[in-house]
file query-v5.cif (mmCIF, C-alpha atoms)
data_query
#
loop_
_atom_site.group_PDB
_atom_site.id
_atom_site.type_symbol
_atom_site.label_atom_id
_atom_site.label_comp_id
_atom_site.auth_asym_id
_atom_site.auth_seq_id
_atom_site.Cartn_x
_atom_site.Cartn_y
_atom_site.Cartn_z
ATOM 1 C CA MET A 1 -145.076 -148.272 26.011
ATOM 2 C CA ASP A 2 -143.755 -151.695 25.015
ATOM 3 C CA LYS A 3 -144.727 -153.838 28.010
ATOM 4 C CA PRO A 4 -146.632 -153.520 31.290
ATOM 5 C CA LEU A 5 -144.758 -152.200 34.288
ATOM 6 C CA GLU A 6 -143.940 -154.871 36.846
ATOM 7 C CA ARG A 7 -145.715 -154.744 40.203
ATOM 8 C CA GLU A 8 -142.392 -154.797 42.069
ATOM 9 C CA LYS A 9 -141.239 -151.638 40.297
ATOM 10 C CA LYS A 10 -144.484 -149.852 41.058
ATOM 11 C CA GLU A 11 -143.966 -150.740 44.713
ATOM 12 C CA GLN A 12 -140.364 -149.490 44.587
ATOM 13 C CA VAL A 13 -141.465 -146.115 43.241
ATOM 14 C CA LEU A 14 -144.181 -145.685 45.868
ATOM 15 C CA GLN A 15 -141.808 -146.836 48.610
ATOM 16 C CA PHE A 16 -139.265 -144.206 47.555
ATOM 17 C CA ALA A 17 -141.977 -141.528 47.441
ATOM 18 C CA SER A 18 -142.996 -142.423 50.995
ATOM 19 C CA THR A 19 -139.468 -141.714 52.259
ATOM 20 C CA LEU A 20 -139.351 -138.120 51.020
ATOM 21 C CA GLY A 21 -139.280 -135.528 53.763
ATOM 22 C CA SER A 22 -141.312 -132.377 54.096
ATOM 23 C CA PRO A 23 -140.941 -130.064 51.056
ATOM 24 C CA PRO A 24 -139.740 -126.440 51.420
ATOM 25 C CA PHE A 25 -143.216 -124.931 51.962
ATOM 26 C CA GLY A 26 -144.500 -127.838 54.064
ATOM 27 C CA SER A 27 -147.397 -128.663 51.746
ATOM 28 C CA ALA A 28 -149.220 -131.985 51.973
ATOM 29 C CA VAL A 29 -148.310 -133.864 48.781
ATOM 30 C CA ARG A 30 -148.869 -137.546 48.096
ATOM 31 C CA PHE A 31 -148.512 -139.955 45.184
ATOM 32 C CA GLU A 32 -150.670 -142.670 43.681
ATOM 33 C CA ILE A 33 -150.128 -145.110 40.846
ATOM 34 C CA VAL A 34 -153.093 -145.506 38.502
ATOM 35 C CA ASP A 35 -153.515 -148.352 36.019
ATOM 36 C CA LEU A 36 -155.748 -147.590 33.051
ATOM 37 C CA ASP A 37 -157.732 -150.064 30.957
ATOM 38 C CA LEU A 38 -156.795 -149.475 27.310
ATOM 39 C CA LYS A 39 -159.598 -151.765 26.078
ATOM 40 C CA PHE A 40 -157.300 -153.355 23.482
ATOM 41 C CA THR A 41 -157.060 -150.107 21.499
ATOM 42 C CA GLY A 42 -153.730 -148.873 22.837
ATOM 43 C CA LYS A 43 -155.289 -145.426 23.223
ATOM 44 C CA VAL A 44 -155.034 -143.634 26.547
ATOM 45 C CA TYR A 45 -158.331 -141.811 26.849
ATOM 46 C CA GLY A 46 -158.137 -138.466 28.582
ATOM 47 C CA THR A 47 -154.653 -137.590 27.304
ATOM 48 C CA TYR A 48 -155.894 -136.010 24.060
ATOM 49 C CA GLY A 49 -153.868 -138.340 21.843
ATOM 50 C CA VAL A 50 -150.545 -137.355 23.416
ATOM 51 C CA ILE A 51 -149.907 -140.713 25.114
ATOM 52 C CA LYS A 52 -150.454 -144.123 23.530
ATOM 53 C CA GLY A 53 -149.985 -147.588 24.968
ATOM 54 C CA ALA A 54 -149.242 -146.460 28.532
ATOM 55 C CA GLU A 55 -151.189 -148.396 31.142
ATOM 56 C CA THR A 56 -149.491 -147.096 34.278
ATOM 57 C CA PHE A 57 -149.434 -143.479 35.471
ATOM 58 C CA LEU A 58 -147.881 -141.807 38.479
ATOM 59 C CA ALA A 59 -150.158 -139.096 39.859
ATOM 60 C CA CYS A 60 -149.227 -136.254 42.182
ATOM 61 C CA ILE A 61 -151.929 -135.107 44.603
ATOM 62 C CA ALA A 62 -151.479 -131.806 46.429
ATOM 63 C CA GLU A 63 -153.530 -130.199 49.158
ATOM 64 C CA LYS A 64 -154.288 -126.577 48.279
ATOM 65 C CA SER A 65 -152.101 -124.259 50.345
ATOM 66 C CA PRO A 66 -149.477 -121.516 49.897
ATOM 67 C CA GLY A 67 -146.502 -123.021 48.077
ATOM 68 C CA ASP A 68 -148.454 -126.110 47.025
ATOM 69 C CA MET A 69 -147.395 -126.005 43.372
ATOM 70 C CA GLU A 70 -143.725 -125.414 44.175
ATOM 71 C CA ASP A 71 -143.796 -128.332 46.620
ATOM 72 C CA ALA A 72 -145.565 -130.547 44.080
ATOM 73 C CA GLY A 73 -142.869 -129.842 41.486
ATOM 74 C CA TYR A 74 -140.082 -130.277 44.046
ATOM 75 C CA LEU A 75 -141.285 -133.711 45.195
ATOM 76 C CA PHE A 76 -142.635 -135.035 41.898
ATOM 77 C CA GLU A 77 -139.301 -134.377 40.183
ATOM 78 C CA GLN A 78 -137.515 -136.406 42.847
ATOM 79 C CA VAL A 79 -139.809 -139.360 42.174
ATOM 80 C CA ILE A 80 -139.399 -138.933 38.411
ATOM 81 C CA LEU A 81 -135.608 -138.915 38.774
ATOM 82 C CA PHE A 82 -135.778 -142.060 40.895
ATOM 83 C CA ALA A 83 -137.965 -143.820 38.309
ATOM 84 C CA THR A 84 -135.585 -142.736 35.555
ATOM 85 C CA ALA A 85 -132.629 -144.143 37.519
ATOM 86 C CA MET A 86 -134.541 -147.456 37.611
ATOM 87 C CA GLY A 87 -134.598 -147.469 33.810
ATOM 88 C CA LEU A 88 -138.219 -146.381 33.462
ATOM 89 C CA ASP A 89 -139.492 -143.859 30.931
ATOM 90 C CA THR A 90 -141.620 -140.929 32.067
ATOM 91 C CA CYS A 91 -143.172 -137.762 30.674
ATOM 92 C CA TRP A 92 -144.312 -134.779 32.765
ATOM 93 C CA MET A 93 -147.944 -133.910 31.987
ATOM 94 C CA GLY A 94 -149.439 -130.782 33.509
ATOM 95 C CA VAL A 95 -151.929 -129.864 30.799
ATOM 96 C CA SER A 96 -152.608 -132.616 28.287
ATOM 97 C CA PHE A 97 -154.565 -134.987 30.513
ATOM 98 C CA SER A 98 -158.092 -135.190 31.843
ATOM 99 C CA ARG A 99 -158.078 -134.482 35.567
ATOM 100 C CA SER A 100 -161.545 -135.980 35.897
ATOM 101 C CA LEU A 101 -160.254 -139.280 34.485
ATOM 102 C CA PHE A 102 -157.715 -139.538 37.298
ATOM 103 C CA SER A 103 -159.869 -138.048 40.056
ATOM 104 C CA ASP A 104 -162.461 -140.732 39.281
ATOM 105 C CA LYS A 105 -159.823 -143.328 40.182
ATOM 106 C CA ILE A 106 -158.172 -141.507 43.091
ATOM 107 C CA PRO A 107 -160.298 -140.498 46.098
ATOM 108 C CA LEU A 108 -159.622 -136.801 46.699
ATOM 109 C CA ALA A 109 -160.373 -134.700 49.746
ATOM 110 C CA PRO A 110 -162.295 -131.460 49.044
ATOM 111 C CA ASP A 111 -159.086 -129.409 49.240
ATOM 112 C CA GLU A 112 -156.951 -131.737 47.088
ATOM 113 C CA MET A 113 -156.145 -131.529 43.383
ATOM 114 C CA ILE A 114 -154.011 -133.353 40.819
ATOM 115 C CA PRO A 115 -151.561 -130.828 39.306
ATOM 116 C CA VAL A 116 -149.406 -133.291 37.329
ATOM 117 C CA VAL A 117 -149.191 -136.907 36.222
ATOM 118 C CA SER A 118 -146.682 -138.959 34.272
ATOM 119 C CA PRO A 119 -146.900 -142.221 32.355
ATOM 120 C CA MET A 120 -144.356 -144.658 33.724
ATOM 121 C CA GLY A 121 -142.977 -147.724 31.989
ATOM 122 C CA TYR A 122 -140.998 -148.683 28.915
ATOM 123 C CA ARG A 123 -141.273 -146.616 25.773
ATOM 124 C CA ALA A 124 -141.720 -148.109 22.317
ATOM 125 C CA GLY A 125 -138.511 -148.498 20.364
ATOM 126 C CA ARG A 126 -139.413 -146.012 17.647
ATOM 127 C CA PRO A 127 -140.646 -142.474 18.454
ATOM 128 C CA SER A 128 -144.019 -141.518 17.018
ATOM 129 C CA ILE A 129 -144.680 -138.391 14.977
ATOM 130 C CA MET A 130 -146.366 -136.935 18.089
ATOM 131 C CA ASP A 131 -143.189 -137.606 20.110
ATOM 132 C CA VAL A 132 -141.124 -135.672 17.594
ATOM 133 C CA VAL A 133 -143.593 -132.784 17.431
ATOM 134 C CA PHE A 134 -143.685 -132.407 21.222
ATOM 135 C CA HIS A 135 -139.905 -132.673 21.492
ATOM 136 C CA VAL A 136 -139.340 -129.956 18.910
ATOM 137 C CA SER A 137 -142.134 -127.643 20.068
ATOM 138 C CA ALA A 138 -140.942 -127.825 23.682
ATOM 139 C CA GLY A 139 -137.429 -126.820 22.662
ATOM 140 C CA ALA A 140 -136.067 -129.682 24.746
ATOM 141 C CA LYS A 141 -132.554 -129.266 23.351
ATOM 142 C CA ASN A 142 -132.419 -125.503 23.932
ATOM 143 C CA ARG A 143 -131.600 -123.767 27.193
ATOM 144 C CA LYS A 144 -131.074 -120.120 28.026
ATOM 145 C CA PRO A 145 -127.476 -119.011 28.673
ATOM 146 C CA ARG A 146 -126.402 -118.731 32.294
ATOM 147 C CA SER A 147 -126.068 -114.954 31.939
ATOM 148 C CA ASP A 148 -129.857 -114.742 31.484
ATOM 149 C CA LEU A 149 -130.639 -116.865 34.539
ATOM 150 C CA PHE A 150 -128.069 -116.321 37.290
ATOM 151 C CA PHE A 151 -126.922 -113.083 38.919
ATOM 152 C CA HIS A 152 -124.412 -111.940 41.541
ATOM 153 C CA ARG A 153 -125.589 -109.582 44.303
ATOM 154 C CA THR A 154 -127.570 -107.348 41.919
ATOM 155 C CA TRP A 155 -129.727 -107.935 38.868
ATOM 156 C CA ASP A 156 -127.298 -105.900 36.789
ATOM 157 C CA ALA A 157 -124.436 -108.382 37.287
ATOM 158 C CA PRO A 158 -124.640 -111.793 35.613
ATOM 159 C CA LEU A 159 -122.974 -114.427 37.786
ATOM 160 C CA GLU A 160 -119.460 -115.278 36.636
ATOM 161 C CA LYS A 161 -118.270 -118.873 36.860
ATOM 162 C CA LYS A 162 -115.461 -117.867 39.244
ATOM 163 C CA ASP A 163 -117.993 -116.437 41.706
ATOM 164 C CA ALA A 164 -120.189 -119.548 41.693
ATOM 165 C CA GLY A 165 -117.616 -121.724 43.478
ATOM 166 C CA SER A 166 -119.054 -125.031 44.709
ATOM 167 C CA LEU A 167 -122.466 -123.973 43.384
ATOM 168 C CA ASP A 168 -121.373 -124.057 39.752
ATOM 169 C CA VAL A 169 -122.688 -127.587 39.134
ATOM 170 C CA PRO A 170 -125.960 -127.058 41.072
ATOM 171 C CA LEU A 171 -126.617 -123.937 39.008
ATOM 172 C CA GLU A 172 -125.976 -125.826 35.793
ATOM 173 C CA MET A 173 -128.423 -128.514 36.932
ATOM 174 C CA VAL A 174 -131.021 -125.766 37.380
ATOM 175 C CA ARG A 175 -130.280 -124.470 33.882
ATOM 176 C CA LEU A 176 -130.840 -127.950 32.454
ATOM 177 C CA ALA A 177 -134.028 -128.624 34.440
ATOM 178 C CA PRO A 178 -137.248 -129.326 32.512
ATOM 179 C CA SER A 179 -139.982 -126.692 32.437
ATOM 180 C CA ALA A 180 -143.344 -126.208 30.763
ATOM 181 C CA VAL A 181 -142.764 -125.383 27.078
ATOM 182 C CA ASN A 182 -139.097 -124.909 28.064
ATOM 183 C CA LYS A 183 -139.777 -121.371 29.330
ATOM 184 C CA GLN A 184 -137.213 -121.670 32.167
ATOM 185 C CA PRO A 185 -138.964 -119.089 34.365
ATOM 186 C CA TRP A 186 -136.424 -119.235 37.211
ATOM 187 C CA ARG A 187 -134.022 -116.385 37.966
ATOM 188 C CA LEU A 188 -131.447 -116.906 40.730
ATOM 189 C CA ILE A 189 -129.324 -114.329 42.493
ATOM 190 C CA LEU A 190 -126.338 -115.264 44.656
ATOM 191 C CA ASP A 191 -125.120 -113.164 47.582
ATOM 192 C CA GLU A 192 -123.316 -113.705 50.887
ATOM 193 C CA GLU A 193 -126.437 -115.149 52.531
ATOM 194 C CA GLY A 194 -127.375 -117.725 49.938
ATOM 195 C CA VAL A 195 -129.153 -118.257 46.624
ATOM 196 C CA HIS A 196 -132.496 -116.523 46.108
ATOM 197 C CA PHE A 197 -135.059 -117.993 43.701
ATOM 198 C CA PHE A 198 -137.357 -115.682 41.737
ATOM 199 C CA LEU A 199 -140.058 -116.404 39.177
ATOM 200 C CA GLN A 200 -139.960 -114.477 35.911
ATOM 201 C CA ARG A 201 -143.394 -115.169 34.473
ATOM 202 C CA THR A 202 -144.182 -115.581 30.814
ATOM 203 C CA LYS A 203 -146.925 -113.061 30.006
ATOM 204 C CA GLY A 204 -150.331 -114.658 29.569
ATOM 205 C CA PHE A 205 -148.993 -118.112 30.427
ATOM 206 C CA GLN A 206 -150.783 -118.409 33.773
ATOM 207 C CA ARG A 207 -154.235 -117.738 32.311
ATOM 208 C CA MET A 208 -153.866 -120.467 29.687
ATOM 209 C CA PHE A 209 -153.864 -123.474 32.020
ATOM 210 C CA ALA A 210 -155.820 -124.990 34.901
ATOM 211 C CA VAL A 211 -152.766 -125.057 37.181
ATOM 212 C CA ASP A 212 -149.891 -122.635 37.687
ATOM 213 C CA LEU A 213 -147.282 -124.543 35.698
ATOM 214 C CA GLN A 214 -144.539 -121.991 36.230
ATOM 215 C CA ARG A 215 -144.760 -122.330 39.991
ATOM 216 C CA ILE A 216 -144.404 -126.083 39.477
ATOM 217 C CA ASP A 217 -141.334 -125.319 37.345
ATOM 218 C CA MET A 218 -139.852 -123.381 40.274
ATOM 219 C CA GLY A 219 -140.217 -126.461 42.447
ATOM 220 C CA ILE A 220 -138.383 -128.529 39.828
ATOM 221 C CA ALA A 221 -135.542 -125.999 39.792
ATOM 222 C CA MET A 222 -135.359 -126.061 43.594
ATOM 223 C CA CYS A 223 -135.188 -129.857 43.529
ATOM 224 C CA HIS A 224 -132.340 -129.888 40.997
ATOM 225 C CA PHE A 225 -130.407 -127.273 42.933
ATOM 226 C CA GLU A 226 -130.697 -128.979 46.299
ATOM 227 C CA LEU A 227 -129.842 -132.469 45.043
ATOM 228 C CA ALA A 228 -126.796 -131.232 43.143
ATOM 229 C CA ALA A 229 -125.678 -129.002 46.022
ATOM 230 C CA GLY A 230 -125.718 -132.030 48.308
ATOM 231 C CA GLU A 231 -123.585 -133.985 45.834
ATOM 232 C CA GLU A 232 -121.100 -131.101 45.719
ATOM 233 C CA GLY A 233 -120.877 -130.894 49.499
ATOM 234 C CA ALA A 234 -122.574 -127.484 49.733
ATOM 235 C CA ARG A 235 -124.753 -127.175 52.824
ATOM 236 C CA GLY A 236 -127.804 -125.014 53.237
ATOM 237 C CA ARG A 237 -131.503 -124.955 54.041
ATOM 238 C CA TRP A 238 -134.646 -123.538 52.491
ATOM 239 C CA LYS A 239 -136.177 -120.334 53.785
ATOM 240 C CA THR A 240 -139.577 -119.208 52.565
ATOM 241 C CA GLY A 241 -141.456 -115.997 53.189
ATOM 242 C CA ASP A 242 -140.704 -112.385 52.390
ATOM 243 C CA SER A 243 -137.249 -111.652 51.017
ATOM 244 C CA SER A 244 -135.521 -108.598 52.465
ATOM 245 C CA PHE A 245 -132.637 -108.751 49.979
ATOM 246 C CA PRO A 246 -132.338 -108.635 47.089
ATOM 247 C CA ALA A 247 -135.472 -106.830 45.997
ATOM 248 C CA ALA A 248 -137.389 -108.400 43.155
ATOM 249 C CA ALA A 249 -136.739 -106.888 39.764
ATOM 250 C CA GLU A 250 -139.682 -105.666 37.729
ATOM 251 C CA GLY A 251 -141.917 -108.526 36.671
ATOM 252 C CA MET A 252 -140.393 -111.011 39.121
ATOM 253 C CA GLU A 253 -141.890 -112.820 42.117
ATOM 254 C CA TYR A 254 -139.818 -113.967 45.071
ATOM 255 C CA ILE A 255 -140.239 -117.697 45.753
ATOM 256 C CA ALA A 256 -137.651 -118.938 48.274
ATOM 257 C CA SER A 257 -134.015 -118.773 49.379
ATOM 258 C CA TRP A 258 -131.428 -121.484 49.936
ATOM 259 C CA GLU A 259 -129.440 -120.086 52.858
ATOM 260 C CA PHE A 260 -125.846 -121.139 53.474
ATOM 261 C CA GLU A 261 -125.570 -123.246 56.593
ATOM 262 C CA TYR A 262 -122.214 -121.816 57.690
ATOM 263 C CA GLY A 263 -121.972 -118.635 55.642
ATOM 264 C CA ARG A 264 -119.769 -118.271 52.621
#
call {"tool": "encode", "arguments": {"input": "query-v5.cif", "output": "structure tokens"}}
result
Amino acid sequence: MDKPLEREKKEQVLQFASTLGSPPFGSAVRFEIVDLDLKFTGKVYGTYGVIKGAETFLACIAEKSPGDMEDAGYLFEQVILFATAMGLDTCWMGVSFSRSLFSDKIPLAPDEMIPVVSPMGYRAGRPSIMDVVFHVSAGAKNRKPRSDLFFHRTWDAPLEKKDAGSLDVPLEMVRLAPSAVNKQPWRLILDEEGVHFFLQRTKGFQRMFAVDLQRIDMGIAMCHFELAAGEEGARGRWKTGDSSFPAAAEGMEYIASWEFEYGR
């Protein structure tokens, strides 16, 4: 990062975060800004060499409960998008940071954890070799085709553009959403009732990390969909719990549904 983040902008970010309503699963999620002492080295200890020069971090704290990771991703992405709109640079970090470093600075209740953090500020003008490596390895420029992600009524029928209607842009915003190692684990199926979100897990991925990153990814996808749907004038609401239709395909987990407010 080139320069320290101004106090007023930190306050703006936290003020925005405080205005966010209850997330789809109703989890208790809060946000803190942590300033680190770089001790004149420029190194950010506890980020394993991934981040350099960043003094200010936004931390997401979630109370452990059903749907906690989806809600954390859903809310954290909204704050990240707000910070980005302010001209700040950010970087989702769900693995490459020391949770003990941040928990030492943020008082946590026994049932709270820190699933993700992000540096927040102004990036250096020239990308480092590490920046390039992470960008390429994450496949940030690559996204799966819509036919792999979105379906119409059954899992055997990829959703055609003509059937998406006013949801075409929201679906594209889901396709472009960030995800851990760009795995894009979301699978959406559209029917007369709404849009149903399913998780297609990457084998072995869950056991590799301290938090369930792909559930966080689902929350990011839900955030992108809802924000874009609102911009397009589509109205609906989240429903969580067991899905009666459609049935999950093999290897998929039902997450939530965005039900049409007035039918379709």
call {"tool": "closest_residue", "arguments": {"input": "query-v5.cif", "among": "A:Ala62, A:Ala247, A:Ala72, A:Leu101", "to": "Ile220 (chain A)", "atoms": "only C-alpha atoms"}}
result
A:Ala72
call {"tool": "closest_residue", "arguments": {"input": "query-v5.cif", "among": "A:Asp217, A:Glu55, A:Glu231, A:Asp35", "to": "Val174 (chain A)", "atoms": "all atoms listed in the file"}}
result
A:Asp217
call {"tool": "closest_residue", "arguments": {"input": "query-v5.cif", "among": "A:Phe76, A:Gln184, A:Glu160, A:Glu70", "to": "Gly219 (chain A)", "atoms": "only C-alpha atoms"}}
result
A:Glu70
call {"tool": "resolve_selection", "arguments": {"input": "query-v5.cif", "expression": "the PyMOL selection byres ((chain A and resi 28) around 9)", "output": "PyMOL selection string"}}
result
chain A and resi 22-23+26-27+29-30+61-65+68+71-72
call {"tool": "closest_residue", "arguments": {"input": "query-v5.cif", "among": "A:Ser179, A:Gly233, A:Gln214, A:Ser118", "to": "Gly165 (chain A)", "atoms": "all atoms listed in the file"}}
result
A:Gly233
call {"tool": "residues_around", "arguments": {"input": "query-v5.cif", "residues": "Asp156 (chain A)", "least_positions_apart": "5", "cutoff": "12 Å", "atoms": "only C-alpha atoms", "output": "PDB file with C-alpha atoms, keeping the file's coordinate frame"}}
result
ATOM      1  CA  SER A 147    -126.068-114.954  31.939  1.00  0.00           C
ATOM      2  CA  ASP A 148    -129.857-114.742  31.484  1.00  0.00           C
ATOM      3  CA  LEU A 149    -130.639-116.865  34.539  1.00  0.00           C
ATOM      4  CA  PHE A 150    -128.069-116.321  37.290  1.00  0.00           C
ATOM      5  CA  PHE A 151    -126.922-113.083  38.919  1.00  0.00           C
ATOM      6  CA  ILE A 189    -129.324-114.329  42.493  1.00  0.00           C
ATOM      7  CA  PRO A 246    -132.338-108.635  47.089  1.00  0.00           C
ATOM      8  CA  ALA A 249    -136.739-106.888  39.764  1.00  0.00           C
TER       9      ALA A 249
END
call {"tool": "build_atoms", "arguments": {"input": "query-v5.cif", "residues": "region 67-79 of chain A", "atoms": "N, CA and C atoms", "output": "short mmCIF file (atom, residue, chain, number, x, y, z; two decimals), in the frame of the given file"}}
result
data_model
loop_
_atom_site.label_atom_id
_atom_site.label_comp_id
_atom_site.auth_asym_id
_atom_site.auth_seq_id
_atom_site.Cartn_x
_atom_site.Cartn_y
_atom_site.Cartn_z
N GLY A 67 -147.68 -122.24 48.43
CA GLY A 67 -146.50 -123.02 48.08
C GLY A 67 -146.80 -124.43 47.60
N ASP A 68 -148.10 -124.74 47.41
CA ASP A 68 -148.45 -126.11 47.02
C ASP A 68 -147.87 -126.54 45.68
N MET A 69 -147.89 -125.63 44.69
CA MET A 69 -147.40 -126.00 43.37
C MET A 69 -145.87 -126.15 43.35
N GLU A 70 -145.18 -125.27 44.08
CA GLU A 70 -143.72 -125.41 44.18
C GLU A 70 -143.36 -126.74 44.84
N ASP A 71 -144.08 -127.08 45.92
CA ASP A 71 -143.80 -128.33 46.62
C ASP A 71 -144.13 -129.54 45.76
N ALA A 72 -145.21 -129.44 44.98
CA ALA A 72 -145.56 -130.55 44.08
C ALA A 72 -144.46 -130.78 43.06
N GLY A 73 -143.95 -129.70 42.46
CA GLY A 73 -142.87 -129.84 41.49
C GLY A 73 -141.60 -130.37 42.12
N TYR A 74 -141.29 -129.88 43.31
CA TYR A 74 -140.08 -130.28 44.05
C TYR A 74 -140.09 -131.78 44.35
N LEU A 75 -141.20 -132.30 44.83
CA LEU A 75 -141.28 -133.71 45.20
C LEU A 75 -141.49 -134.62 43.99
N PHE A 76 -142.35 -134.19 43.06
CA PHE A 76 -142.64 -135.04 41.90
C PHE A 76 -141.36 -135.26 41.08
N GLU A 77 -140.54 -134.22 40.94
CA GLU A 77 -139.30 -134.38 40.18
C GLU A 77 -138.37 -135.39 40.85
N GLN A 78 -138.35 -135.42 42.17
CA GLN A 78 -137.51 -136.41 42.85
C GLN A 78 -137.97 -137.83 42.53
N VAL A 79 -139.29 -138.03 42.49
CA VAL A 79 -139.81 -139.36 42.17
C VAL A 79 -139.53 -139.70 40.71
#
